[in-house]
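Please read the structure below before turning to the comments.
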Amino acid sequence: MDTLTVIVGLVLAVLILGLLAYAWMVRGQLRRLHSQVAEMTGWISSLDDSKSKQSQSNPAKSPLVQGLDPREFMLVDSTHGFYSVSLQDVFDDLESRFIKHDLVLDRRRNLKHLEGDSQGALHLLTTLWNFAGPLKLLATQLSDHVKQGQRIVWHIADFGSDDISIEDLLENSPIPYCLYLHEGPFSKPKGMQTLVESPWIPDDAIIVCVDADMSYSTEIYDRIRREVVAGKQFYAPLMGYLNEAGELYGIEHESGGHGFLAVAKSDSQRIGGYAAGIYRYKFTWGGEETDFAARLEQAGLHKVRDIEPRITAGHHKRPDTNRWYETCTTNEFHDDHQGETVKDTVESDVAVMSATPRLDSQPVEGPIITPILTHGLGNKLFQVAAALGVAAQNKGLARFVICSVTADNYERNKSPLTADWLDFEGFGGHGVVKVEGLPGSLAELFPRLSFEAETVEPRVLRKKASKYLLEPYNVGKDGFYYETQDFGPLSGNVTLEGYFFSHKHYSARLPEIHDRLTPAEAVTRHIDQTFGELIARRPVALHIRFGVKRDHYRPLVPSINWYRKALDTTPGDGPVLVCSDDVGAARLFLSELGDGRDFVFVEGQPQYVDMFLMSRCAHMVFSISTLAAWAAILNRSADKVIVCHPHYRVKYGRASPLPGWVVLADNTEVFQSEKYGAREEAEVATAN
């Protein structure tokens, strides 16, 4: 029995040792296989990682593939085990991909007209689809520049234009070019990202983003080389715009567009190019260049932004739908029909932005602040200003959308602040006088806010927010509306809902607020043409709000004695420009002054024209009105005197008046609605 036990033990020991030896051999084989797979997949990841500048600009030089024969076969992991693929196939596939999930169908290059290689040349970047007319004009212009000795290379990303053969156009011109053919739908961010990351552009080159409708002279090239300094500054000049008649306008005003922008390629790559912006999923017009410029500034670059009349943008009509493709995919953030499965693209964008290194190697903190815009125009402007202020305080971005609420979906969208579904309409449900050629929506009125083209329900904004900040409308026992708390550091997606009357939300950013709330050029021209002579007389703006029946608050109209004292407080002897929601009642009311003042009553104008007109007066008097308050806030005069009623502080909070405003006491407060106003809005519009 003892001998048998020993034999069995020896046999088991040999078997165990054999199994261990076999396992060791299998382990070695698996480690070698894992090493091969890791080498291959690691190299692929390095090419797909926007942080790896070396691998993006020249994948063939990646240290992971040096010395490998491209004809060799490698095992690549898949969901079904392993399959064989040649390195050459991988090279060919990766060479056609420059940003994630964006396939370039074909690339063509012709540098025969460039003496030597492209080193030292300026690289012009243009993305388009079906834009034959402007493209031909730009090609003719650039041909002349090349003939004059300018060293440029034109990079064009085309999304299947069928109105012109771009290759034929370029083959018959002296312009050195690189053509990148994409599949649709058109997406300027994707097209521009392909160009920004092109291996045909040297890492130390200057790239110049040029819209297809641009026109400029050859002197601009020297200006670009002088102003663009890698790691320090980029060039984004103010330019003029041509109207349909070919007349130049807008050159004297700061415009929000950045259709012409020059920057070092290395700086663009450090911020992730266009793919890291909040517009990377966008298939509609506009916004991506301004976002790109904003992130360059966030990364520590100085923006050279002055007037350059030698650069102009041509006139062209956009599609009625404001979209390139009728059937293209919308931003998934707005797809309310997908319910809880909707992809939070904005939160993904925030993650990308937060991971993007600043040029000073400091991390970017970039929450996206989205206000829910509700109630009248004045209230909406306080919400806009709060979003801009909070975003700036947290080194983030303010994003603006139009909220869509109807009678049917009102119940699921209402909040403690919502009184009526009409409050979500563009001007808060208040009727707006329509004047041909003037804006009919908030997006048209404030082009520099870059409203997103589509509407979104407030509940979607709240659901998508990583933080939802509600500012309740609370009045304390002393009758004052208390100041909003400090929100502190923010990150991720943040939705704001509230009134935000306190100047502490925005007063530190007044220059930016003034800039972003610059009205459409048509409004400025209209005011200049209609009221220019009156403005030159330095009038005092006087606003009286009588109110209409759908108002949620019964406005207070001070006594005539208070208005007399208020007008006496303002200096000068200019006329009194009167704006009101009921001009007929205002005429009757002010007739009681009886002191021979020169009153000019403004009639038949949209309410926003009243606001911007009052903002250009020398001084201002008002009582209870957010519209009038914004006329005072937007007044840029250094010597202005703003007089408001003390009830403005009661209604809108202790911190609602800006520092420097005169809060003139009144001991004879009187509600005048019984005598003068509170008519139906249609009646007021008819009377005006």
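By order in the structure tokens, chains are A, B, ...; within a chain, residues start at 1; ligands start at 1, following the order shown.
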Would you pick out the contacts of A:Asn561 at 10 Å or less, using only C-alpha atoms, so that residues sharing its chain but fewer than 2 positions from it are not included, and give the list as number ranges by chain? A: 558-559, 563-567, 592-593, 666-669
If you count only C-alpha atoms, which residues fall within 12 Å of A:Asp423, apart from same-chain ones fewer than 2 positions away, as a ChimeraX atom specification? /A:372-380,402-407,410,413-415,417-421,425-431,550-552
Got a sec: who's within 12 Å of A:Phe531, counting only C-alpha atoms, leaving out chain neighbours fewer than 2 positions off, as an mmCIF file with N, CA and C atoms, in the first residue's frame?
data_model
loop_
_atom_site.group_PDB
_atom_site.id
_atom_site.type_symbol
_atom_site.label_atom_id
_atom_site.label_comp_id
_atom_site.auth_asym_id
_atom_site.auth_seq_id
_atom_site.Cartn_x
_atom_site.Cartn_y
_atom_site.Cartn_z
ATOM 1 N N VAL A 523 -31.264 97.704 -36.961
ATOM 2 C CA VAL A 523 -31.846 98.514 -35.893
ATOM 3 C C VAL A 523 -31.061 99.812 -35.730
ATOM 4 N N THR A 524 -29.749 99.718 -35.728
ATOM 5 C CA THR A 524 -28.917 100.915 -35.592
ATOM 6 C C THR A 524 -29.158 101.879 -36.744
ATOM 7 N N ARG A 525 -29.207 101.344 -37.973
ATOM 8 C CA ARG A 525 -29.458 102.205 -39.126
ATOM 9 C C ARG A 525 -30.821 102.876 -39.032
ATOM 10 N N HIS A 526 -31.828 102.104 -38.602
ATOM 11 C CA HIS A 526 -33.184 102.639 -38.484
ATOM 12 C C HIS A 526 -33.233 103.793 -37.478
ATOM 13 N N ILE A 527 -32.575 103.622 -36.337
ATOM 14 C CA ILE A 527 -32.572 104.679 -35.321
ATOM 15 C C ILE A 527 -31.818 105.901 -35.825
ATOM 16 N N ASP A 528 -30.694 105.686 -36.474
ATOM 17 C CA ASP A 528 -29.923 106.820 -37.010
ATOM 18 C C ASP A 528 -30.740 107.604 -38.033
ATOM 19 N N GLN A 529 -31.407 106.895 -38.932
ATOM 20 C CA GLN A 529 -32.149 107.567 -39.989
ATOM 21 C C GLN A 529 -33.409 108.254 -39.480
ATOM 22 N N GLU A 533 -31.285 113.279 -35.863
ATOM 23 C CA GLU A 533 -31.268 114.708 -35.527
ATOM 24 C C GLU A 533 -31.717 114.943 -34.098
ATOM 25 N N LEU A 534 -32.698 114.192 -33.648
ATOM 26 C CA LEU A 534 -33.176 114.325 -32.271
ATOM 27 C C LEU A 534 -32.099 113.915 -31.273
ATOM 28 N N ILE A 535 -31.405 112.806 -31.542
ATOM 29 C CA ILE A 535 -30.347 112.345 -30.641
ATOM 30 C C ILE A 535 -29.245 113.385 -30.529
ATOM 31 N N ALA A 536 -28.953 114.072 -31.626
ATOM 32 C CA ALA A 536 -27.910 115.094 -31.612
ATOM 33 C C ALA A 536 -28.235 116.243 -30.667
ATOM 34 N N ARG A 537 -29.507 116.410 -30.315
ATOM 35 C CA ARG A 537 -29.912 117.498 -29.399
ATOM 36 C C ARG A 537 -29.794 117.077 -27.938
ATOM 37 N N ARG A 538 -29.243 115.913 -27.670
ATOM 38 C CA ARG A 538 -29.009 115.393 -26.314
ATOM 39 C C ARG A 538 -30.290 115.423 -25.462
ATOM 40 N N PRO A 539 -31.288 114.650 -25.863
ATOM 41 C CA PRO A 539 -32.546 114.652 -25.107
ATOM 42 C C PRO A 539 -32.446 113.871 -23.802
ATOM 43 N N LEU A 577 -37.618 113.074 -24.603
ATOM 44 C CA LEU A 577 -38.067 112.006 -25.490
ATOM 45 C C LEU A 577 -38.882 111.025 -24.661
ATOM 46 N N VAL A 600 -41.184 115.087 -27.029
ATOM 47 C CA VAL A 600 -41.237 114.358 -28.296
ATOM 48 C C VAL A 600 -41.694 112.943 -27.973
ATOM 49 N N PHE A 601 -42.869 112.568 -28.462
ATOM 50 C CA PHE A 601 -43.439 111.259 -28.149
ATOM 51 C C PHE A 601 -43.088 110.263 -29.260
ATOM 52 N N VAL A 602 -42.565 109.109 -28.869
ATOM 53 C CA VAL A 602 -42.164 108.070 -29.822
ATOM 54 C C VAL A 602 -43.341 107.128 -30.021
ATOM 55 N N GLU A 603 -43.777 107.003 -31.265
ATOM 56 C CA GLU A 603 -44.935 106.169 -31.567
ATOM 57 C C GLU A 603 -44.631 105.228 -32.735
ATOM 58 N N GLN A 605 -43.209 102.295 -32.954
ATOM 59 C CA GLN A 605 -41.920 101.616 -33.024
ATOM 60 C C GLN A 605 -41.962 100.319 -32.206
ATOM 61 N N VAL A 609 -36.828 99.060 -30.256
ATOM 62 C CA VAL A 609 -36.354 100.336 -30.801
ATOM 63 C C VAL A 609 -36.466 101.413 -29.729
ATOM 64 N N ASP A 610 -37.589 101.430 -28.981
ATOM 65 C CA ASP A 610 -37.711 102.362 -27.852
ATOM 66 C C ASP A 610 -36.539 102.199 -26.891
ATOM 67 N N PHE A 612 -33.409 100.857 -27.313
ATOM 68 C CA PHE A 612 -32.110 101.295 -27.815
ATOM 69 C C PHE A 612 -32.086 102.794 -28.097
ATOM 70 N N LEU A 613 -33.229 103.361 -28.469
ATOM 71 C CA LEU A 613 -33.298 104.816 -28.659
ATOM 72 C C LEU A 613 -33.077 105.532 -27.335
ATOM 73 N N MET A 614 -33.748 105.071 -26.267
ATOM 74 C CA MET A 614 -33.557 105.688 -24.952
ATOM 75 C C MET A 614 -32.115 105.527 -24.476
ATOM 76 N N ARG A 616 -29.535 105.847 -26.070
ATOM 77 C CA ARG A 616 -28.652 106.797 -26.743
ATOM 78 C C ARG A 616 -28.955 108.245 -26.363
ATOM 79 N N CYS A 617 -29.882 108.428 -25.424
ATOM 80 C CA CYS A 617 -30.174 109.772 -24.928
ATOM 81 C C CYS A 617 -29.114 110.196 -23.912
#
Considering only alpha helix (DSSP H) as DSSP defines it on the backbone, what residues of stretch 406-448 of chain A qualify? List them as a PyMOL selection string. chain A and resi 410-413+442-445
Those selected residues, please, written with C-alpha atoms and delivered as a PDB file, in the first residue's frame.
ATOM      1  CA  TYR A 410     -47.155  74.118 -20.347  1.00  0.00           C
ATOM      2  CA  GLU A 411     -47.933  71.944 -17.316  1.00  0.00           C
ATOM      3  CA  ARG A 412     -44.737  69.897 -17.604  1.00  0.00           C
ATOM      4  CA  ASN A 413     -42.597  72.978 -18.246  1.00  0.00           C
ATOM      5  CA  LEU A 442     -34.566  87.652 -30.242  1.00  0.00           C
ATOM      6  CA  ALA A 443     -32.111  85.740 -32.425  1.00  0.00           C
ATOM      7  CA  GLU A 444     -32.398  88.353 -35.169  1.00  0.00           C
ATOM      8  CA  LEU A 445     -32.276  91.244 -32.695  1.00  0.00           C
TER       9      LEU A 445
END
List as a PyMOL selection string the protein and nucleic acid residues near A:Ala618, meaning an atom at most 10 Å away when only C-alpha atoms are counted, but skip any in the same chain fewer than 5 places from it. chain A and resi 535-541+570-572+574+635-642
Please, could you write that set of residues out with C-alpha atoms as a PDB file, in the first residue's frame?
ATOM      1  CA  ILE A 535     -30.347 112.345 -30.641  1.00  0.00           C
ATOM      2  CA  ALA A 536     -27.910 115.094 -31.612  1.00  0.00           C
ATOM      3  CA  ARG A 537     -29.912 117.498 -29.399  1.00  0.00           C
ATOM      4  CA  ARG A 538     -29.009 115.393 -26.314  1.00  0.00           C
ATOM      5  CA  PRO A 539     -32.546 114.652 -25.107  1.00  0.00           C
ATOM      6  CA  VAL A 540     -33.633 113.283 -21.740  1.00  0.00           C
ATOM      7  CA  ALA A 541     -35.388 109.933 -22.111  1.00  0.00           C
ATOM      8  CA  THR A 570     -31.137 115.947 -15.024  1.00  0.00           C
ATOM      9  CA  PRO A 571     -28.787 118.599 -16.456  1.00  0.00           C
ATOM     10  CA  GLY A 572     -29.036 120.357 -19.808  1.00  0.00           C
ATOM     11  CA  GLY A 574     -32.512 119.281 -24.377  1.00  0.00           C
ATOM     12  CA  ASN A 635     -26.394 103.789 -22.047  1.00  0.00           C
ATOM     13  CA  ARG A 636     -22.645 104.208 -22.577  1.00  0.00           C
ATOM     14  CA  SER A 637     -22.503 107.982 -21.994  1.00  0.00           C
ATOM     15  CA  ALA A 638     -19.839 108.898 -19.440  1.00  0.00           C
ATOM     16  CA  ASP A 639     -21.758 111.916 -18.047  1.00  0.00           C
ATOM     17  CA  LYS A 640     -25.270 110.449 -18.033  1.00  0.00           C
ATOM     18  CA  VAL A 641     -27.662 110.983 -15.138  1.00  0.00           C
ATOM     19  CA  ILE A 642     -30.066 108.097 -14.543  1.00  0.00           C
TER      20      ILE A 642
END
Mind checking DSSP for stretch 477-527 of chain A and telling me the strand (DSSP E or B) residues as a ChimeraX atom specification? /A:481,493-497
When you look at A:Arg109 with a cut-off of 9 Å (counting only C-alpha atoms), what residues show up, excluding the ones that are within fewer than 5 positions of it in the same chain? I need them as a list in words.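 Neighbouring residues, sequence-local ones excluded: Pro176, Tyr177, Cys178, Leu179, Tyr180 and Trp200 of chain A.
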Please dump the current selection as a PDB file, in the first residue's frame; keep C-alpha atoms.
ATOM      1  CA  PRO A 176      -1.299  75.370 -54.919  1.00  0.00           C
ATOM      2  CA  TYR A 177      -4.107  73.425 -53.308  1.00  0.00           C
ATOM      3  CA  CYS A 178      -5.111  70.469 -51.144  1.00  0.00           C
ATOM      4  CA  LEU A 179      -8.660  69.159 -51.625  1.00  0.00           C
ATOM      5  CA  TYR A 180     -10.425  67.023 -49.012  1.00  0.00           C
ATOM      6  CA  TRP A 200       0.003  68.452 -45.342  1.00  0.00           C
TER       7      TRP A 200
END
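Proximity to A:Gly191 at 9 Å, evaluated using only C-alpha atoms and with sequence-adjacent residues fewer than 5 positions away removed, yields Asp102, Thr126, Thr127, Leu128, Ile156, Ala157, Asp158, Phe159, Tyr180, His182, Phe186, Val196 and Tyr274 of chain A.
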Would you mind exporting N, CA and C atoms of the selected residues as an mmCIF file, in the first residue's frame?
data_model
loop_
_atom_site.group_PDB
_atom_site.id
_atom_site.type_symbol
_atom_site.label_atom_id
_atom_site.label_comp_id
_atom_site.auth_asym_id
_atom_site.auth_seq_id
_atom_site.Cartn_x
_atom_site.Cartn_y
_atom_site.Cartn_z
ATOM 1 N N ASP A 102 -15.199 60.823 -38.545
ATOM 2 C CA ASP A 102 -15.410 61.689 -39.699
ATOM 3 C C ASP A 102 -14.553 61.185 -40.844
ATOM 4 N N THR A 126 -10.689 76.621 -46.042
ATOM 5 C CA THR A 126 -12.071 76.944 -46.412
ATOM 6 C C THR A 126 -12.896 75.665 -46.447
ATOM 7 N N THR A 127 -14.091 75.710 -45.862
ATOM 8 C CA THR A 127 -15.015 74.580 -45.877
ATOM 9 C C THR A 127 -16.307 75.018 -46.564
ATOM 10 N N LEU A 128 -16.870 74.177 -47.415
ATOM 11 C CA LEU A 128 -18.075 74.607 -48.121
ATOM 12 C C LEU A 128 -18.862 73.428 -48.661
ATOM 13 N N ILE A 156 -9.168 73.055 -49.039
ATOM 14 C CA ILE A 156 -10.625 73.119 -49.152
ATOM 15 C C ILE A 156 -11.223 71.782 -48.731
ATOM 16 N N ALA A 157 -12.161 71.832 -47.788
ATOM 17 C CA ALA A 157 -12.948 70.656 -47.412
ATOM 18 C C ALA A 157 -14.319 70.798 -48.056
ATOM 19 N N ASP A 158 -14.649 69.885 -48.955
ATOM 20 C CA ASP A 158 -15.904 69.968 -49.701
ATOM 21 C C ASP A 158 -16.797 68.789 -49.345
ATOM 22 N N PHE A 159 -18.069 69.083 -49.088
ATOM 23 C CA PHE A 159 -19.028 68.061 -48.687
ATOM 24 C C PHE A 159 -19.952 67.680 -49.846
ATOM 25 N N TYR A 180 -9.979 68.100 -49.902
ATOM 26 C CA TYR A 180 -10.425 67.023 -49.012
ATOM 27 C C TYR A 180 -11.912 66.800 -49.299
ATOM 28 N N HIS A 182 -15.379 65.140 -48.507
ATOM 29 C CA HIS A 182 -16.133 64.532 -47.418
ATOM 30 C C HIS A 182 -17.463 64.000 -47.929
ATOM 31 N N PHE A 186 -23.270 68.497 -44.685
ATOM 32 C CA PHE A 186 -22.286 69.545 -44.442
ATOM 33 C C PHE A 186 -22.138 69.819 -42.953
ATOM 34 N N VAL A 196 -7.443 71.634 -40.089
ATOM 35 C CA VAL A 196 -6.554 72.027 -38.994
ATOM 36 C C VAL A 196 -5.530 70.936 -38.698
ATOM 37 N N TYR A 274 -11.374 72.566 -33.900
ATOM 38 C CA TYR A 274 -12.821 72.774 -33.914
ATOM 39 C C TYR A 274 -13.566 71.618 -33.256
#
Using only C-alpha atoms, which protein or nucleic acid residues come within 8 Å of A:Lys232? Drop anything in the same chain fewer than 6 positions from it, and give the result as a PyMOL selection string. chain A and resi 300-302
One decimal, in Å: what's the spacing between atom CA of A:Val229 and atom CA of A:Glu197? 18.9 Å
With only C-alpha atoms as the atoms that count, which of A:Leu397, A:Ile164, A:Val26, A:Ile311 lies nearest to A:Ser491? A:Leu397
May I ask which of the residues A:Leu122, A:Ala205, A:Leu627, A:Ala313 is the closest one to A:Asp267, counting only C-alpha atoms?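 For A:Asp267, the nearest of the candidates is A:Ala205.
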Using only C-alpha atoms, pick whichever of A:Phe501, A:Trp562, A:Phe622, A:Phe589 has the shortest atom-to-atom distance to A:Arg654.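 Checking each candidate against A:Arg654, we get A:Phe501 as the closest.
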For atom CA of A:Leu664 and atom CA of A:His645, determine how far apart the two atoms are, in Å to one decimal place.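 That distance, rounded to one decimal, is 5.7 Å.
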note - atom CA of A:Ser507 and atom CA of A:Arg295 are separated by 23.1 Å
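Nearest residue to A:Thr218 among A:Ala276, A:Arg151, A:Glu167, A:Gly257 is A:Arg151, counting only C-alpha atoms.
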So which one's closest to A:Thr140, A:Pro174, A:Gly389, A:Pro511, A:Gly498? Using only C-alpha atoms, please.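 For A:Thr140, the nearest of the candidates is A:Pro174.
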